[in-house]
$ cat model.txt   # compact mmCIF, C-alpha atoms
# COMPACT_ATOMS: atom_id res chain seq x y z
CA MET A 1 -3.08 -13.54 0.85
CA GLY A 2 -5.30 -16.08 2.58
CA GLU A 3 -2.56 -17.30 4.91
CA ILE A 4 -1.70 -13.84 6.15
CA ALA A 5 -5.37 -13.12 6.78
CA GLU A 6 -5.32 -15.71 9.56
CA ARG A 7 -3.88 -12.96 11.74
CA GLU A 8 -4.25 -9.22 11.48
CA LEU A 9 -2.63 -7.67 8.45
CA PHE A 10 -1.56 -4.81 10.69
CA GLU A 11 -2.42 -3.55 14.12
CA VAL A 12 -2.45 -0.46 16.28
CA LEU A 13 -0.87 -0.70 19.71
CA GLU A 14 -2.81 1.80 21.80
CA PRO A 15 -1.88 3.28 25.17
CA PRO A 16 -4.67 3.37 27.76
CA ILE A 17 -4.59 7.15 27.38
CA GLN A 18 -2.68 9.03 24.69
CA ARG A 19 -0.51 11.42 26.67
CA ILE A 20 1.88 12.74 24.02
CA PRO A 21 1.22 14.16 20.51
CA PHE A 22 3.17 11.39 18.76
CA VAL A 23 2.20 8.60 16.38
CA PHE A 24 4.71 5.83 15.67
CA ASN A 25 4.64 3.83 12.47
CA SER A 26 6.60 0.69 11.59
CA PRO A 27 5.64 -0.18 7.99
CA HIS A 28 8.55 -2.47 7.06
CA SER A 29 9.02 -4.73 10.08
CA GLY A 30 6.30 -7.22 9.10
CA ARG A 31 7.45 -10.82 9.07
CA SER A 32 4.33 -12.88 8.35
CA TYR A 33 4.93 -14.35 4.88
CA PRO A 34 1.99 -15.95 3.04
CA GLN A 35 2.90 -19.41 1.81
CA SER A 36 1.37 -18.64 -1.59
CA PHE A 37 3.75 -15.67 -1.86
CA LEU A 38 6.75 -17.81 -0.92
CA ASP A 39 5.66 -20.34 -3.55
CA GLN A 40 5.75 -17.57 -6.17
CA SER A 41 9.25 -16.52 -5.16
CA ARG A 42 12.59 -17.75 -6.39
CA LEU A 43 14.18 -16.79 -3.05
CA ASP A 44 14.62 -18.96 0.00
CA ALA A 45 12.93 -18.16 3.30
CA VAL A 46 15.97 -16.25 4.62
CA SER A 47 16.93 -14.29 1.49
CA ILE A 48 13.44 -12.94 1.01
CA ARG A 49 13.68 -11.29 4.44
CA ARG A 50 16.62 -9.09 3.45
CA SER A 51 14.40 -6.07 2.83
CA GLU A 52 12.78 -6.23 6.28
CA ASP A 53 13.38 -3.56 8.86
CA HIS A 54 14.20 -6.30 11.34
CA TYR A 55 12.49 -5.96 14.74
CA VAL A 56 12.02 -2.20 14.45
CA ASP A 57 8.56 -2.58 15.97
CA GLU A 58 10.21 -4.16 19.03
CA LEU A 59 12.85 -1.43 19.26
CA PHE A 60 10.10 1.16 19.69
CA GLN A 61 7.82 -1.08 21.74
CA ASN A 62 7.87 1.26 24.74
CA ALA A 63 6.28 4.12 22.81
CA THR A 64 2.86 2.94 23.94
CA PHE A 65 3.98 2.92 27.59
CA LEU A 66 4.99 6.56 27.13
CA GLY A 67 1.52 7.36 25.83
CA ALA A 68 1.66 7.17 22.02
CA PRO A 69 -0.06 4.79 19.58
CA MET A 70 1.99 2.67 17.20
CA LEU A 71 0.82 1.30 13.86
CA LEU A 72 2.78 -1.74 12.72
CA ALA A 73 2.58 -4.02 9.71
CA HIS A 74 2.49 -7.80 9.92
CA PHE A 75 2.69 -8.21 6.13
CA PRO A 76 6.25 -8.03 4.79
CA ARG A 77 7.68 -5.23 2.72
CA ALA A 78 8.62 -7.69 -0.02
CA PHE A 79 4.91 -8.47 -0.42
CA LEU A 80 3.65 -4.88 -0.36
CA ASP A 81 5.42 -1.60 0.38
CA VAL A 82 3.13 1.01 1.94
CA ASN A 83 5.96 3.58 1.90
CA ARG A 84 5.25 4.17 -1.78
CA GLU A 85 2.52 5.83 -3.78
CA PRO A 86 -0.44 3.43 -4.02
CA TYR A 87 0.19 2.56 -7.68
CA GLU A 88 3.94 2.67 -8.29
CA LEU A 89 3.92 -0.49 -10.39
CA ASP A 90 6.23 -2.11 -12.92
CA PRO A 91 4.19 -3.41 -15.91
CA ARG A 92 6.89 -5.99 -16.66
CA MET A 93 5.93 -7.89 -13.50
CA PHE A 94 2.30 -8.60 -14.33
CA ASP A 95 0.01 -10.41 -16.71
CA GLY A 96 -2.67 -7.94 -17.74
CA PRO A 97 -2.81 -4.17 -18.18
CA LEU A 98 -2.26 -1.78 -15.30
CA PRO A 99 -4.83 0.94 -14.60
CA PRO A 100 -4.17 4.21 -16.42
CA HIS A 101 -3.39 6.03 -13.17
CA ALA A 102 -0.46 3.71 -12.35
CA ASN A 103 2.90 5.43 -12.00
CA ILE A 104 5.14 3.18 -14.08
CA SER A 105 8.07 5.57 -14.51
CA SER A 106 9.12 6.57 -11.01
CA MET A 107 12.72 6.10 -9.91
CA ARG A 108 11.54 3.58 -7.33
CA VAL A 109 9.80 1.47 -9.96
CA ALA A 110 12.92 1.65 -12.14
CA GLY A 111 14.96 0.42 -9.18
CA GLY A 112 12.65 -2.54 -8.59
CA LEU A 113 11.25 -1.04 -5.39
CA GLY A 114 7.70 -0.05 -6.25
CA THR A 115 4.51 -0.65 -4.32
CA ILE A 116 4.78 -4.30 -5.31
CA PRO A 117 8.56 -4.74 -5.17
CA ARG A 118 10.41 -6.67 -7.83
CA LEU A 119 13.62 -6.91 -5.80
CA VAL A 120 14.83 -7.30 -2.27
CA ALA A 121 18.19 -5.98 -1.13
CA GLU A 122 21.23 -6.35 -3.36
CA ASN A 123 19.18 -6.72 -6.54
CA MET A 124 17.72 -10.13 -5.73
CA GLU A 125 14.69 -10.88 -7.91
CA ILE A 126 11.67 -11.93 -5.88
CA TYR A 127 9.38 -13.64 -8.39
CA ARG A 128 9.83 -16.64 -10.64
CA GLY A 129 7.81 -14.97 -13.38
CA ARG A 130 4.87 -12.70 -14.10
CA PHE A 131 1.70 -12.99 -12.03
CA PRO A 132 -1.86 -11.69 -12.53
CA VAL A 133 -2.24 -7.94 -12.21
CA GLU A 134 -5.42 -8.58 -10.25
CA ASP A 135 -3.28 -10.01 -7.43
CA ALA A 136 -1.32 -6.78 -7.19
CA LEU A 137 -4.44 -4.60 -7.26
CA THR A 138 -6.05 -6.76 -4.57
CA ARG A 139 -3.08 -6.17 -2.26
CA ILE A 140 -3.47 -2.43 -2.78
CA GLU A 141 -7.22 -2.43 -2.15
CA THR A 142 -7.26 -4.79 0.82
CA ILE A 143 -4.02 -3.87 2.61
CA TYR A 144 -2.43 -0.63 1.35
CA LYS A 145 -5.55 1.52 1.43
CA PRO A 146 -6.82 0.32 4.85
CA TYR A 147 -3.30 0.76 6.28
CA HIS A 148 -3.12 4.38 5.19
CA ALA A 149 -6.69 5.06 6.28
CA THR A 150 -5.71 3.85 9.76
CA LEU A 151 -2.58 6.01 9.80
CA ARG A 152 -4.54 9.09 8.71
CA LYS A 153 -7.06 8.56 11.51
CA LEU A 154 -4.31 8.28 14.13
CA ILE A 155 -2.65 11.47 12.93
CA ALA A 156 -5.94 13.38 12.70
CA ARG A 157 -7.02 12.23 16.17
CA THR A 158 -3.69 13.30 17.63
CA HIS A 159 -3.82 16.68 15.91
CA VAL A 160 -7.33 17.36 17.21
CA GLN A 161 -6.41 16.36 20.76
CA PHE A 162 -3.10 18.21 21.05
CA GLY A 163 -3.18 20.90 18.38
CA LEU A 164 -0.23 19.28 16.60
CA SER A 165 1.02 15.81 15.78
CA VAL A 166 4.43 14.27 15.30
CA LEU A 167 4.66 11.15 13.15
CA ILE A 168 7.78 9.07 13.72
CA ASP A 169 8.25 6.71 10.76
CA CYS A 170 10.52 3.94 12.02
CA HIS A 171 12.98 2.12 9.74
CA SER A 172 16.35 0.40 9.70
CA MET A 173 19.26 0.49 7.25
CA PRO A 174 21.93 -2.07 6.32
CA GLY A 175 24.89 -2.20 8.65
CA ASN A 176 27.33 -1.63 5.79
CA MET A 177 25.63 1.59 4.64
CA HIS A 178 28.05 4.50 4.54
CA LEU A 179 27.64 8.13 3.62
CA PRO A 180 28.31 9.03 -0.03
CA GLY A 181 31.98 9.87 -0.52
CA SER A 182 32.80 8.96 3.06
CA ALA A 183 33.73 5.96 5.15
CA GLN A 184 31.37 7.10 7.91
CA ARG A 185 28.64 4.65 8.86
CA PRO A 186 26.13 6.54 11.00
CA ASP A 187 24.13 4.85 13.71
CA PHE A 188 21.02 6.90 12.92
CA ILE A 189 19.72 9.06 10.09
CA ILE A 190 16.94 11.53 10.77
CA GLY A 191 14.97 12.43 7.65
CA ASP A 192 12.65 15.41 7.30
CA ARG A 193 12.63 15.78 3.51
CA TYR A 194 15.16 18.60 3.83
CA GLY A 195 12.98 20.58 6.19
CA THR A 196 9.69 20.18 4.33
CA SER A 197 8.05 17.42 6.41
CA ALA A 198 8.85 18.69 9.91
CA ALA A 199 9.99 21.81 11.70
CA GLY A 200 13.73 22.20 11.58
CA GLU A 201 13.79 22.70 15.34
CA LEU A 202 12.21 19.28 15.83
CA SER A 203 14.69 17.57 13.50
CA ARG A 204 17.64 19.22 15.19
CA ALA A 205 16.32 18.21 18.60
CA ALA A 206 16.05 14.57 17.45
CA VAL A 207 19.65 14.64 16.20
CA ASP A 208 20.94 16.31 19.35
CA LEU A 209 19.17 13.90 21.70
CA LEU A 210 20.54 10.83 19.94
CA GLN A 211 24.03 12.33 19.91
CA GLU A 212 23.75 12.97 23.65
CA LEU A 213 23.11 9.24 24.03
CA GLY A 214 26.45 8.59 22.32
CA TYR A 215 25.33 7.78 18.77
CA SER A 216 26.61 8.98 15.41
CA VAL A 217 23.73 10.81 13.73
CA VAL A 218 23.27 12.58 10.40
CA ARG A 219 20.31 14.30 8.80
CA ASN A 220 18.69 13.52 5.44
CA LYS A 221 21.66 11.87 3.70
CA PRO A 222 21.27 9.46 2.11
CA TYR A 223 17.75 8.85 3.48
CA ALA A 224 15.60 11.99 3.61
CA GLY A 225 12.31 10.17 4.02
CA GLY A 226 9.96 8.24 1.76
CA PHE A 227 6.37 8.59 0.66
CA ILE A 228 4.95 8.45 4.20
CA THR A 229 7.16 11.24 5.53
CA GLU A 230 6.53 13.38 2.46
CA HIS A 231 2.79 12.71 2.32
CA TYR A 232 1.90 13.27 5.97
CA GLY A 233 4.33 16.03 6.92
CA ARG A 234 2.71 19.48 6.79
CA PRO A 235 4.65 21.43 9.41
CA THR A 236 2.97 24.78 8.76
CA ARG A 237 -0.29 23.09 9.80
CA GLY A 238 1.24 21.48 12.87
CA LEU A 239 1.60 18.07 11.17
CA HIS A 240 5.21 16.96 11.53
CA ALA A 241 6.73 13.77 10.13
CA LEU A 242 10.22 12.47 10.82
CA GLN A 243 11.81 9.33 9.42
CA ILE A 244 14.31 7.56 11.63
CA GLU A 245 16.73 5.01 10.20
CA ILE A 246 18.62 2.75 12.61
CA ASN A 247 21.81 0.96 11.62
CA ARG A 248 21.09 -2.78 11.88
CA ALA A 249 24.67 -3.48 12.94
CA LEU A 250 23.72 -2.01 16.31
CA TYR A 251 21.24 -4.72 17.19
CA VAL A 252 20.94 -7.68 14.80
CA ASP A 253 23.15 -10.17 12.98
CA GLU A 254 22.03 -9.59 9.39
CA THR A 255 23.04 -13.10 8.32
CA THR A 256 21.29 -15.11 11.02
CA LEU A 257 18.70 -12.43 11.98
CA VAL A 258 19.47 -13.12 15.63
CA ARG A 259 19.19 -10.16 17.98
CA LYS A 260 22.54 -9.02 19.34
CA PRO A 261 23.27 -8.79 23.09
CA GLY A 262 22.94 -5.00 22.86
CA PHE A 263 19.31 -5.19 21.71
CA GLY A 264 17.85 -4.42 25.13
CA ALA A 265 20.20 -1.49 25.68
CA LEU A 266 19.13 0.01 22.36
CA VAL A 267 15.46 -0.38 23.34
CA ALA A 268 16.24 1.47 26.58
CA ASP A 269 18.06 4.25 24.72
CA LEU A 270 15.21 4.67 22.27
CA THR A 271 12.76 4.85 25.16
CA THR A 272 14.88 7.64 26.65
CA PHE A 273 15.03 9.33 23.26
CA VAL A 274 11.24 9.26 22.79
CA ALA A 275 10.63 10.54 26.32
CA SER A 276 13.11 13.38 25.83
CA LEU A 277 11.76 14.33 22.42
CA SER A 278 8.21 14.37 23.77
CA ARG A 279 9.31 16.71 26.58
CA HIS A 280 10.92 18.95 23.97
CA VAL A 281 7.67 19.09 22.02
CA GLU A 282 5.74 19.78 25.22
CA ASP A 283 8.06 22.71 25.99
CA TYR A 284 8.32 24.15 22.48
CA GLY A 285 5.41 22.67 20.55
CA ALA A 286 3.60 25.97 20.20
CA TYR A 287 6.52 27.29 18.16
CA LEU A 288 7.11 24.27 15.92
CA PRO A 289 4.66 25.16 13.13
CA LEU A 290 6.58 28.42 12.66
CA ALA A 291 9.97 26.74 12.48
CA ALA A 292 9.79 24.80 9.22
CA GLU A 293 12.80 25.43 7.03

$ encode --input "model.txt" --output "structure tokens"
Amino acid sequence: MGEIAERELFEVLEPPIQRIPFVFNSPHSGRSYPQSFLDQSRLDAVSIRRSEDHYVDELFQNATFLGAPMLLAHFPRAFLDVNREPYELDPRMFDGPLPPHANISSMRVAGGLGTIPRLVAENMEIYRGRFPVEDALTRIETIYKPYHATLRKLIARTHVQFGLSVLIDCHSMPGNMHLPGSAQRPDFIIGDRYGTSAAGELSRAAVDLLQELGYSVVRNKPYAGGFITEHYGRPTRGLHALQIEINRALYVDETTLVRKPGFGALVADLTTFVASLSRHVEDYGAYLPLAAE
């Protein structure tokens, strides 16, 4: 972890004045890989990046200009996944016993995608062998917990200032992802944990606004939202959380990781989307807590 500590583990991009009740979060776009971590891995420097949400922080970079803070990770998802419970850990990965409160039986752990992931995309094993459990617990104490403490403060501050808050958890999905039982490959998926993490009116507005921009959009399938959306969304209290998944085929070559020519146009469309959604919340925000499904 020493190499990654040379720069911030994560940062908050703050507007001069917060003008809208939104908080943006990009937990999987980090691309600063500690050399010690790469030395532990059996993967090459390109393959290990396959679980990144490539450049998602850049896609939403104009959120701060519109008046919202953005929290973004510099550490990579393959190193630590903050969109999990703090102790979703696979005991087969470590030398030494896990703490008794570790969740070793979740579906995400079984799939190799716990807090300390065992796999990147397409079932590619990350590590050459076991490593000390203390290393994993150190990542949780020194990165995971401070990251979530920062996110909680941003949400609480926003809620106090505006009377409600809207967390937009920003992610990307593989370009070849298609809906179950269908050949459809949506451009965006809006997740609200089936109406439990955000008001249904807000989710529908997000879908409608993206469709008006010409994109194919679905809701909750197959990505309804992860730990962050579930944990921070309390719509009856005015705390809304939406997950947005963007199809990588829209903006990046997934083999070379080079941004496509349409990258700038997508940034512009997402800026329009955020501005429009914020106006919707400004117009109807007082009713959102009552609209959870």

$ atom_distance --input "model.txt" --atom1 "atom CA of Ile48 of chain A" --atom2 "atom CA of Tyr127 of chain A"
10.3 Å

$ closest_residue --input "model.txt" --among "A:Leu59, A:Ala199, A:Leu151, A:Val109" --to "Ser172 of chain A" --atoms "only C-alpha atoms"
A:Leu59

$ closest_residue --input "model.txt" --among "A:Gln61, A:Glu141, A:Leu89, A:His231" --to "Ile155 of chain A" --atoms "only C-alpha atoms"
A:His231

$ residues_around --input "model.txt" --residues "Ala121 of chain A" --least-positions-apart "5" --cutoff "10 Å" --atoms "all atoms listed in the file" --output "list in words"
Ser47, Ile48, Arg49, Arg50, Ser51, Glu52, Ala78, Gly112, Leu113 and Pro174 of chain A

$ residues_near_point --input "model.txt" --point "(21.9, -5.4, 15.6)" --cutoff "12 Å" --atoms "all atoms listed in the file" --output "ChimeraX atom specification"
/A:53-56,59,172-176,187,246-267

$ closest_residue --input "model.txt" --among "A:Arg118, A:His148, A:His74, A:Arg204" --to "Phe227 of chain A" --atoms "all atoms listed in the file"
A:His148

$ atom_distance --input "model.txt" --atom1 "atom CA of Phe94 of chain A" --atom2 "atom CA of Thr150 of chain A"
28.3 Å

$ residues_around --input "model.txt" --residues "Asn103 of chain A" --least-positions-apart "3" --cutoff "12 Å" --atoms "all atoms listed in the file" --output "list in words"
Arg84, Glu85, Pro86, Tyr87, Glu88, Leu89, Asp90, Pro91, Leu98, Pro99, Pro100, Ser106, Met107, Arg108, Val109, Ala110, Gly114, Thr115 and Ile116 of chain A

$ atom_distance --input "model.txt" --atom1 "atom CA of Thr272 of chain A" --atom2 "atom CA of Pro16 of chain A"
20.0 Å

$ closest_residue --input "model.txt" --among "A:Leu242, A:Val217, A:Ala198, A:Leu167" --to "Pro69 of chain A" --atoms "all atoms listed in the file"
A:Leu167

$ residues_around --input "model.txt" --residues "segment 24-28 of chain A" --least-positions-apart "3" --cutoff "6 Å" --atoms "all atoms listed in the file" --output "PyMOL selection string"
chain A and resi 52-53+57+70-73+77+167-170

$ residues_around --input "model.txt" --residues "Tyr284 of chain A" --least-positions-apart "5" --cutoff "10 Å" --atoms "only C-alpha atoms" --output "PDB file with C-alpha atoms, in the frame of the given file"
ATOM      1  CA  GLU A 201      13.790  22.700  15.340  1.00  0.00           C
ATOM      2  CA  LEU A 202      12.210  19.280  15.830  1.00  0.00           C
ATOM      3  CA  SER A 278       8.210  14.370  23.770  1.00  0.00           C
ATOM      4  CA  ARG A 279       9.310  16.710  26.580  1.00  0.00           C
TER       5      ARG A 279
END

$ residues_around --input "model.txt" --residues "Gln161 of chain A" --least-positions-apart "5" --cutoff "12 Å" --atoms "only C-alpha atoms" --output "MDAnalysis selection string"
chainID A and resid 17:22 154:156

$ write_last_selection --input "model.txt" --atoms "C-alpha atoms" --output "CSV table (one decimal), in the frame of the given file"
chain,number,residue,atom,x,y,z
A,17,ILE,CA,-4.6,7.2,27.4
A,18,GLN,CA,-2.7,9.0,24.7
A,19,ARG,CA,-0.5,11.4,26.7
A,20,ILE,CA,1.9,12.7,24.0
A,21,PRO,CA,1.2,14.2,20.5
A,22,PHE,CA,3.2,11.4,18.8
A,154,LEU,CA,-4.3,8.3,14.1
A,155,ILE,CA,-2.6,11.5,12.9
A,156,ALA,CA,-5.9,13.4,12.7

$ closest_residue --input "model.txt" --among "A:Ser165, A:Ser36, A:Thr229, A:Ser216" --to "Gly195 of chain A" --atoms "only C-alpha atoms"
A:Thr229

$ closest_residue --input "model.txt" --among "A:Ile126, A:Tyr144, A:Pro117, A:Leu66" --to "Ala45 of chain A" --atoms "all atoms listed in the file"
A:Ile126
